[in-house]
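Below is start.cif, which holds mmCIF, C-alpha atoms.
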data_structure
loop_
_atom_site.label_atom_id
_atom_site.label_comp_id
_atom_site.auth_asym_id
_atom_site.auth_seq_id
_atom_site.Cartn_x
_atom_site.Cartn_y
_atom_site.Cartn_z
CA MET A 299 -5.66 11.84 10.36
CA LEU A 300 -3.36 8.78 9.93
CA GLY A 301 -2.51 8.66 13.63
CA THR A 302 -6.14 9.08 14.66
CA ARG A 303 -7.18 6.22 12.38
CA ILE A 304 -4.41 3.95 13.71
CA ARG A 305 -5.42 4.70 17.31
CA LYS A 306 -9.08 4.00 16.47
CA LEU A 307 -8.29 0.65 14.83
CA ARG A 308 -5.91 -0.30 17.64
CA THR A 309 -8.47 0.42 20.36
CA GLU A 310 -11.27 -1.31 18.40
CA ARG A 311 -9.08 -4.41 18.42
CA GLY A 312 -8.41 -4.08 22.15
CA MET A 313 -4.67 -3.65 21.60
CA THR A 314 -2.29 -1.59 23.68
CA VAL A 315 0.39 0.60 22.12
CA THR A 316 2.95 -1.95 23.31
CA GLU A 317 1.10 -4.84 21.63
CA LEU A 318 0.79 -2.98 18.34
CA ALA A 319 4.46 -1.99 18.44
CA ARG A 320 5.50 -5.60 19.10
CA LEU A 321 3.34 -6.95 16.25
CA ALA A 322 4.52 -4.23 13.85
CA GLU A 323 8.14 -4.68 14.96
CA VAL A 324 8.57 -0.97 15.72
CA SER A 325 9.12 0.95 18.95
CA THR A 326 6.29 1.92 21.28
CA GLY A 327 7.59 5.49 21.09
CA LEU A 328 7.09 5.51 17.33
CA ILE A 329 3.51 4.23 17.62
CA SER A 330 2.81 6.86 20.26
CA GLN A 331 4.26 9.64 18.11
CA VAL A 332 2.33 8.51 15.04
CA GLU A 333 -0.95 8.28 16.95
CA ARG A 334 -0.42 11.83 18.29
CA GLU A 335 0.40 13.06 14.74
CA LEU A 336 3.94 14.00 15.82
CA SER A 337 5.67 11.71 13.33
CA ASP A 338 5.12 10.75 9.69
CA PRO A 339 6.07 7.07 9.33
CA SER A 340 7.68 5.65 6.21
CA LEU A 341 5.70 3.53 3.76
CA ALA A 342 7.45 0.42 5.09
CA THR A 343 6.41 1.30 8.65
CA ILE A 344 2.82 2.02 7.60
CA ARG A 345 2.72 -1.41 5.92
CA LYS A 346 3.96 -3.06 9.14
CA ILE A 347 1.34 -1.24 11.20
CA ALA A 348 -1.42 -2.12 8.71
CA ARG A 349 -0.37 -5.77 8.77
CA ALA A 350 -0.30 -5.79 12.59
CA LEU A 351 -3.80 -4.28 12.63
CA ASP A 352 -4.93 -6.77 9.95
CA SER A 353 -6.11 -3.84 7.88
CA PRO A 354 -5.44 -2.81 4.26
CA LEU A 355 -2.81 -0.07 3.95
CA PHE A 356 -5.05 2.60 2.46
CA SER A 357 -7.82 1.90 5.00
CA LEU A 358 -5.56 3.73 7.45
CA PHE A 359 -6.32 6.86 5.41
CA GLU A 360 -10.02 6.10 4.84
CA GLU A 361 -12.58 8.83 5.22
CA PRO A 362 -15.62 7.81 7.30
CA ASP A 363 -19.22 7.81 6.04
CA MET A 364 -18.68 7.49 2.31
CA ASP A 365 -21.59 7.24 -0.14
CA ASP A 366 -22.41 4.20 -2.30
CA VAL A 367 -21.07 6.04 -5.35
CA ALA A 368 -17.82 7.91 -5.03
CA VAL A 369 -15.97 10.10 -7.48
CA VAL A 370 -12.27 10.52 -6.81
CA ARG A 371 -10.88 13.62 -8.47
CA ARG A 372 -7.30 13.47 -9.73
CA ASP A 373 -6.21 16.43 -7.60
CA SER A 374 -7.74 15.01 -4.41
CA ARG A 375 -6.35 11.46 -4.52
CA MET A 376 -4.76 10.06 -1.38
CA THR A 377 -1.04 9.55 -2.02
CA VAL A 378 1.58 7.62 -0.07
CA GLN A 379 5.21 8.14 -0.98
CA SER A 380 8.40 6.48 0.15
CA PRO A 381 11.87 8.03 0.02
CA GLY A 382 12.99 4.98 -1.99
CA GLY A 383 11.34 6.25 -5.19
CA ILE A 384 7.87 4.66 -5.06
CA ALA A 385 4.60 6.54 -4.75
CA TYR A 386 1.04 5.20 -4.77
CA SER A 387 -2.03 7.30 -5.46
CA ARG A 388 -5.40 5.73 -4.67
CA ILE A 389 -7.69 5.92 -7.71
CA SER A 390 -10.57 3.99 -6.16
CA ALA A 391 -12.61 5.30 -3.26
CA GLY A 392 -10.81 3.08 -0.75
CA ARG A 393 -13.59 0.87 0.48
CA GLY A 394 -15.03 -2.44 -0.55
CA ARG A 395 -13.31 -5.45 -2.03
CA LEU A 396 -11.28 -3.74 -4.76
CA GLU A 397 -8.53 -1.16 -4.55
CA VAL A 398 -7.11 0.59 -7.61
CA LEU A 399 -3.84 2.48 -7.31
CA GLN A 400 -1.63 4.44 -9.66
CA GLY A 401 2.03 3.83 -8.95
CA THR A 402 5.11 5.74 -9.99
CA LEU A 403 8.55 4.23 -9.56
CA SER A 404 11.75 6.18 -10.12
CA ALA A 405 14.37 4.93 -12.57
CA GLY A 406 16.44 2.15 -11.00
CA ALA A 407 14.21 1.97 -7.89
CA ALA A 408 12.23 -0.90 -6.36
CA SER A 409 8.87 -0.87 -4.56
CA ALA A 410 10.44 -2.62 -1.56
CA SER A 411 13.94 -3.68 -0.55
CA GLU A 412 12.78 -7.31 -0.39
CA PRO A 413 9.77 -9.06 -1.93
CA TRP A 414 6.81 -9.30 0.46
CA SER A 415 3.38 -10.90 0.45
CA HIS A 416 -0.18 -10.22 1.56
CA PRO A 417 -3.47 -12.11 1.19
CA SER A 418 -4.75 -10.62 -2.09
CA GLU A 419 -4.64 -10.89 -5.86
CA GLU A 420 -3.05 -8.17 -8.02
CA CYS A 421 -3.11 -7.09 -11.62
CA VAL A 422 -0.60 -4.44 -12.73
CA VAL A 423 -0.74 -2.57 -16.04
CA VAL A 424 2.23 -0.45 -17.14
CA THR A 425 1.06 2.83 -18.66
CA ASP A 426 4.48 4.43 -19.21
CA GLY A 427 8.03 3.10 -19.04
CA LYS A 428 9.25 -0.36 -18.09
CA LEU A 429 8.65 -2.49 -15.02
CA ILE A 430 9.96 -5.80 -13.78
CA VAL A 431 7.47 -7.70 -11.65
CA GLU A 432 9.29 -10.11 -9.32
CA VAL A 433 7.03 -12.91 -8.07
CA ALA A 434 8.41 -15.80 -6.01
CA GLY A 435 11.90 -15.37 -7.45
CA GLU A 436 10.79 -15.11 -11.10
CA GLU A 437 11.09 -11.87 -13.09
CA TYR A 438 8.54 -10.67 -15.63
CA GLN A 439 9.56 -7.72 -17.85
CA LEU A 440 6.67 -5.42 -18.75
CA ASP A 441 6.64 -2.57 -21.25
CA SER A 442 4.00 0.14 -21.64
CA GLY A 443 0.63 -1.53 -22.27
CA ASP A 444 1.66 -4.89 -20.77
CA SER A 445 -0.02 -6.38 -17.71
CA CYS A 446 0.72 -9.06 -15.13
CA TYR A 447 -1.69 -10.86 -12.79
CA PHE A 448 -0.51 -12.80 -9.73
CA ASP A 449 -1.47 -14.15 -6.33
CA SER A 450 -0.11 -11.60 -3.83
CA ARG A 451 0.41 -14.31 -1.22
CA ARG A 452 3.57 -15.07 -3.20
CA PRO A 453 6.46 -12.72 -2.29
CA HIS A 454 6.62 -9.94 -4.85
CA ARG A 455 7.87 -6.46 -5.66
CA TYR A 456 8.21 -4.06 -8.59
CA VAL A 457 11.55 -2.90 -10.03
CA ASN A 458 12.11 -0.15 -12.60
CA PRO A 459 15.02 -1.16 -14.87
CA GLY A 460 14.50 1.86 -17.14
CA SER A 461 16.14 5.26 -17.33
CA ARG A 462 12.91 7.18 -16.60
CA THR A 463 10.04 6.97 -14.13
CA ALA A 464 7.64 4.06 -14.66
CA VAL A 465 3.90 4.67 -14.26
CA PHE A 466 1.48 1.80 -13.66
CA ILE A 467 -2.01 0.95 -12.42
CA ILE A 468 -2.56 -1.80 -9.85
CA SER A 469 -5.86 -3.45 -8.99
CA VAL A 470 -5.84 -5.34 -5.69
CA THR A 471 -8.61 -7.55 -4.32
CA PRO A 472 -9.23 -7.63 -1.49
CA PRO A 473 -7.26 -4.49 -0.58
CA GLY A 474 -3.87 -5.53 0.79
CA TYR A 475 -1.35 -4.19 3.27
#

Take the structure from the file and write it as C-alpha coordinates.
Amino acid sequence: MLGTRIRKLRTERGMTVTELARLAEVSTGLISQVERELSDPSLATIRKIARALDSPLFSLFEEPDMDDVAVVRRDSRMTVQSPGGIAYSRISAGRGRLEVLQGTLSAGAASASEPWSHPSEECVVVTDGKLIVEVAGEEYQLDSGDSCYFDSRRPHRYVNPGSRTAVFIISVTPPGY
(Lines of atoms letter the chains of each structure in order from A and count residues from 1; the text may use other names and numbers.)
(Lines give C-alpha, C1' and ligand atoms only; values in the text may rest on other atoms or scores of the structure.)
Protein backbone atom coordinates (compact mmCIF):
# COMPACT_ATOMS: atom_id res chain seq x y z
CA MET A 1 0.00 0.00 0.00
CA LEU A 2 2.75 2.52 0.95
CA GLY A 3 4.81 1.73 -2.15
CA THR A 4 1.79 1.91 -4.42
CA ARG A 5 0.85 5.32 -3.01
CA ILE A 6 4.42 6.63 -3.41
CA ARG A 7 4.52 5.43 -7.03
CA LYS A 8 1.13 7.06 -7.71
CA LEU A 9 2.20 10.41 -6.24
CA ARG A 10 5.56 10.26 -8.03
CA THR A 11 3.98 9.60 -11.42
CA GLU A 12 1.28 12.24 -10.85
CA ARG A 13 4.09 14.73 -10.35
CA GLY A 14 5.88 13.54 -13.50
CA MET A 15 8.94 12.43 -11.54
CA THR A 16 11.22 9.54 -12.34
CA VAL A 17 12.50 7.16 -9.68
CA THR A 18 15.91 8.82 -10.06
CA GLU A 19 14.47 12.31 -9.50
CA LEU A 20 12.56 11.24 -6.41
CA ALA A 21 15.63 9.47 -5.00
CA ARG A 22 17.77 12.58 -5.58
CA LEU A 23 15.23 14.89 -3.92
CA ALA A 24 14.73 12.50 -0.99
CA GLU A 25 18.49 11.93 -0.69
CA VAL A 26 18.12 8.13 -0.84
CA SER A 27 19.19 5.55 -3.42
CA THR A 28 17.17 4.79 -6.54
CA GLY A 29 17.30 1.12 -5.51
CA LEU A 30 15.57 1.94 -2.23
CA ILE A 31 12.80 3.89 -3.98
CA SER A 32 12.34 1.01 -6.41
CA GLN A 33 12.16 -1.55 -3.61
CA VAL A 34 9.69 0.55 -1.62
CA GLU A 35 7.45 1.11 -4.65
CA ARG A 36 7.42 -2.66 -5.32
CA GLU A 37 6.61 -3.32 -1.62
CA LEU A 38 9.91 -5.20 -1.18
CA SER A 39 11.24 -2.90 1.54
CA ASP A 40 9.77 -1.16 4.58
CA PRO A 41 11.50 2.22 4.89
CA SER A 42 12.28 3.84 8.24
CA LEU A 43 10.24 6.77 9.53
CA ALA A 44 13.13 9.11 8.65
CA THR A 45 13.16 7.80 5.07
CA ILE A 46 9.37 8.10 4.75
CA ARG A 47 9.65 11.72 5.91
CA LYS A 48 12.31 12.41 3.26
CA ILE A 49 10.15 10.84 0.55
CA ALA A 50 7.06 12.77 1.71
CA ARG A 51 9.02 16.01 1.68
CA ALA A 52 10.39 15.28 -1.81
CA LEU A 53 6.84 14.58 -3.02
CA ASP A 54 5.59 17.73 -1.23
CA SER A 55 3.03 15.58 0.53
CA PRO A 56 2.12 15.15 4.21
CA LEU A 57 3.64 12.02 5.77
CA PHE A 58 0.38 10.25 6.56
CA SER A 59 -1.05 11.02 3.10
CA LEU A 60 1.31 8.30 1.89
CA PHE A 61 -0.93 5.87 3.80
CA GLU A 62 -4.23 7.51 2.85
CA GLU A 63 -7.15 5.38 1.80
CA PRO A 64 -8.91 6.61 -1.36
CA ASP A 65 -12.58 7.64 -1.57
CA MET A 66 -13.27 8.54 2.04
CA ASP A 67 -16.65 9.89 3.17
CA ASP A 68 -17.30 13.40 4.54
CA VAL A 69 -17.63 11.94 8.04
CA ALA A 70 -15.11 9.38 9.16
CA VAL A 71 -14.87 7.37 12.34
CA VAL A 72 -11.43 6.02 13.16
CA ARG A 73 -11.59 3.08 15.52
CA ARG A 74 -8.75 2.70 18.03
CA ASP A 75 -7.86 -0.78 16.77
CA SER A 76 -7.76 0.29 13.12
CA ARG A 77 -5.58 3.40 13.39
CA MET A 78 -2.70 3.79 10.96
CA THR A 79 0.57 3.59 12.90
CA VAL A 80 4.12 4.50 11.90
CA GLN A 81 6.93 3.39 14.17
CA SER A 82 10.64 4.06 14.17
CA PRO A 83 13.30 1.86 15.75
CA GLY A 84 14.45 4.92 17.72
CA GLY A 85 11.54 4.68 20.17
CA ILE A 86 8.89 6.94 18.58
CA ALA A 87 5.54 5.79 17.24
CA TYR A 88 2.70 7.84 15.78
CA SER A 89 -0.87 6.63 15.47
CA ARG A 90 -3.22 8.71 13.31
CA ILE A 91 -6.36 9.61 15.26
CA SER A 92 -7.90 11.78 12.54
CA ALA A 93 -9.10 10.41 9.23
CA GLY A 94 -6.03 11.66 7.38
CA ARG A 95 -7.50 14.13 4.98
CA GLY A 96 -8.25 17.81 5.04
CA ARG A 97 -6.39 20.61 6.76
CA LEU A 98 -5.95 19.06 10.21
CA GLU A 99 -4.11 15.95 11.31
CA VAL A 100 -4.35 14.57 14.84
CA LEU A 101 -1.82 11.99 16.00
CA GLN A 102 -1.16 10.09 19.20
CA GLY A 103 2.54 9.75 19.86
CA THR A 104 4.43 7.45 22.18
CA LEU A 105 8.09 8.07 22.93
CA SER A 106 10.24 5.62 24.85
CA ALA A 107 12.11 6.72 27.98
CA GLY A 108 15.27 8.63 27.03
CA ALA A 109 14.37 8.68 23.31
CA ALA A 110 13.88 11.56 20.86
CA SER A 111 11.47 11.91 17.94
CA ALA A 112 14.38 12.66 15.60
CA SER A 113 18.16 12.72 15.88
CA GLU A 114 18.16 16.41 14.93
CA PRO A 115 15.40 19.04 15.03
CA TRP A 116 13.62 19.44 11.69
CA SER A 117 10.97 21.72 10.24
CA HIS A 118 7.96 21.62 7.94
CA PRO A 119 5.38 24.22 6.84
CA SER A 120 2.71 23.71 9.52
CA GLU A 121 1.60 24.67 13.01
CA GLU A 122 1.55 22.15 15.88
CA CYS A 123 -0.01 21.83 19.27
CA VAL A 124 1.14 18.96 21.51
CA VAL A 125 -0.62 17.84 24.70
CA VAL A 126 1.10 15.39 27.04
CA THR A 127 -1.37 12.80 28.33
CA ASP A 128 1.09 10.63 30.29
CA GLY A 129 4.71 11.10 31.34
CA LYS A 130 7.07 13.96 30.58
CA LEU A 131 8.16 15.54 27.32
CA ILE A 132 10.66 18.18 26.34
CA VAL A 133 9.66 20.12 23.24
CA GLU A 134 12.75 21.58 21.54
CA VAL A 135 11.90 24.51 19.26
CA ALA A 136 14.63 26.58 17.59
CA GLY A 137 17.17 25.68 20.28
CA GLU A 138 14.86 26.39 23.24
CA GLU A 139 13.57 23.60 25.51
CA TYR A 140 10.08 23.51 27.02
CA GLN A 141 9.44 20.89 29.74
CA LEU A 142 5.90 19.49 29.70
CA ASP A 143 4.25 17.26 32.28
CA SER A 144 1.01 15.31 31.92
CA GLY A 145 -1.79 17.76 31.05
CA ASP A 146 0.57 20.47 29.72
CA SER A 147 0.50 21.66 26.12
CA CYS A 148 2.77 23.57 23.75
CA TYR A 149 1.89 25.35 20.51
CA PHE A 150 4.52 26.36 17.94
CA ASP A 151 5.19 27.20 14.32
CA SER A 152 6.56 23.98 12.78
CA ARG A 153 8.66 25.96 10.31
CA ARG A 154 11.03 26.38 13.25
CA PRO A 155 13.30 23.33 13.74
CA HIS A 156 11.82 21.13 16.44
CA ARG A 157 11.72 17.69 18.00
CA TYR A 158 10.37 15.89 21.07
CA VAL A 159 12.57 14.33 23.78
CA ASN A 160 11.45 12.08 26.63
CA PRO A 161 13.57 12.86 29.72
CA GLY A 162 11.51 10.52 31.92
CA SER A 163 11.99 6.94 33.05
CA ARG A 164 8.81 5.67 31.36
CA THR A 165 7.12 6.01 27.98
CA ALA A 166 5.58 9.42 27.27
CA VAL A 167 2.19 9.57 25.55
CA PHE A 168 1.00 12.72 23.79
CA ILE A 169 -1.49 14.06 21.24
CA ILE A 170 -0.36 16.30 18.39
CA SER A 171 -2.59 18.44 16.18
CA VAL A 172 -0.94 19.60 12.96
CA THR A 173 -2.35 22.04 10.43
CA PRO A 174 -1.93 21.70 7.58
CA PRO A 175 -0.71 18.10 7.81
CA GLY A 176 3.10 18.09 7.73
CA TYR A 177 5.83 15.78 6.53

Practice item. Kindly indicate which residue among A:Leu300, A:Val422, A:Val367, A:Ala342 lies nearest to Ser469 of chain A, using all atoms listed in the file for the distances. Key: A:Val422

Practice item. Considering only C-alpha atoms, return as a ChimeraX atom specification whatever protein or nucleic-acid residues lie within 12 Å of Arg320 of chain A, sequence-local ones (same chain, fewer than 3 positions apart) excluded. Key: /A:313-317,323-329,346-347,349-351

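Nearest residue to Phe359 of chain A among A:Gly301, A:Pro472, A:Gly406, A:Pro339 is A:Gly301, counting only C-alpha atoms.
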
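With atom CA of Ser461 of chain A on one side and atom CA of Val433 of chain A on the other, the separation reads 22.3 Å.
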
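Atom pair atom CA of Thr377 of chain A / atom CA of Gln331 of chain A has a distance of 20.8 Å (rounded to one decimal).
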
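With distances taken over all atoms listed in the file, A:Arg462 is the one residue among A:His454, A:Arg462, A:Arg305, A:Arg375 lying closest to Ala405 of chain A.
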
Review point. Near Ala410 of chain A, counting all atoms listed in the file, which residues have an atom at most 9 Å away, once you skip same-chain residues fewer than 6 positions from it, shown as a list in words?
Key: Ala342, Gly382, Ile384, His454, Arg455, Tyr456 and Val457 of chain A

Check your understanding: How far is it from atom CA of Val369 of chain A to atom CA of Tyr447 of chain A, in Å with one decimal?
Key -> 25.9 Å

Exercise for review: Decode the PyMOL selection byres ((chain A and resi 473) around 12) for the given file into explicit residues and return them as a ChimeraX atom specification.
Suggested key: /A:348-349,352-358,388,390-399,416-420,450,468-472,474-475

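Using all atoms listed in the file, the smallest distance between any of A:Ser445, A:Glu412, A:Arg345, A:Thr463 and Glu432 of chain A comes from A:Glu412.
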
Check your understanding: From the set A:Gly460, A:Gly443, A:Pro413, A:Gly312, which residue has the shortest atom-to-atom contact distance to Leu429 of chain A, counting all atoms listed in the file?
Key -> A:Gly460

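Considering all atoms listed in the file, the residue among A:Ser404, A:Arg334, A:Phe466, A:Cys421 positioned nearest to Asp441 of chain A is A:Phe466.
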
Exercise for review: Evaluate the PyMOL selection byres ((chain A and resi 428) around 8) on the structure here and hand back the selected residues as a ChimeraX atom specification.
Suggested key: /A:424,426-427,429-430,439-442,458-460,464
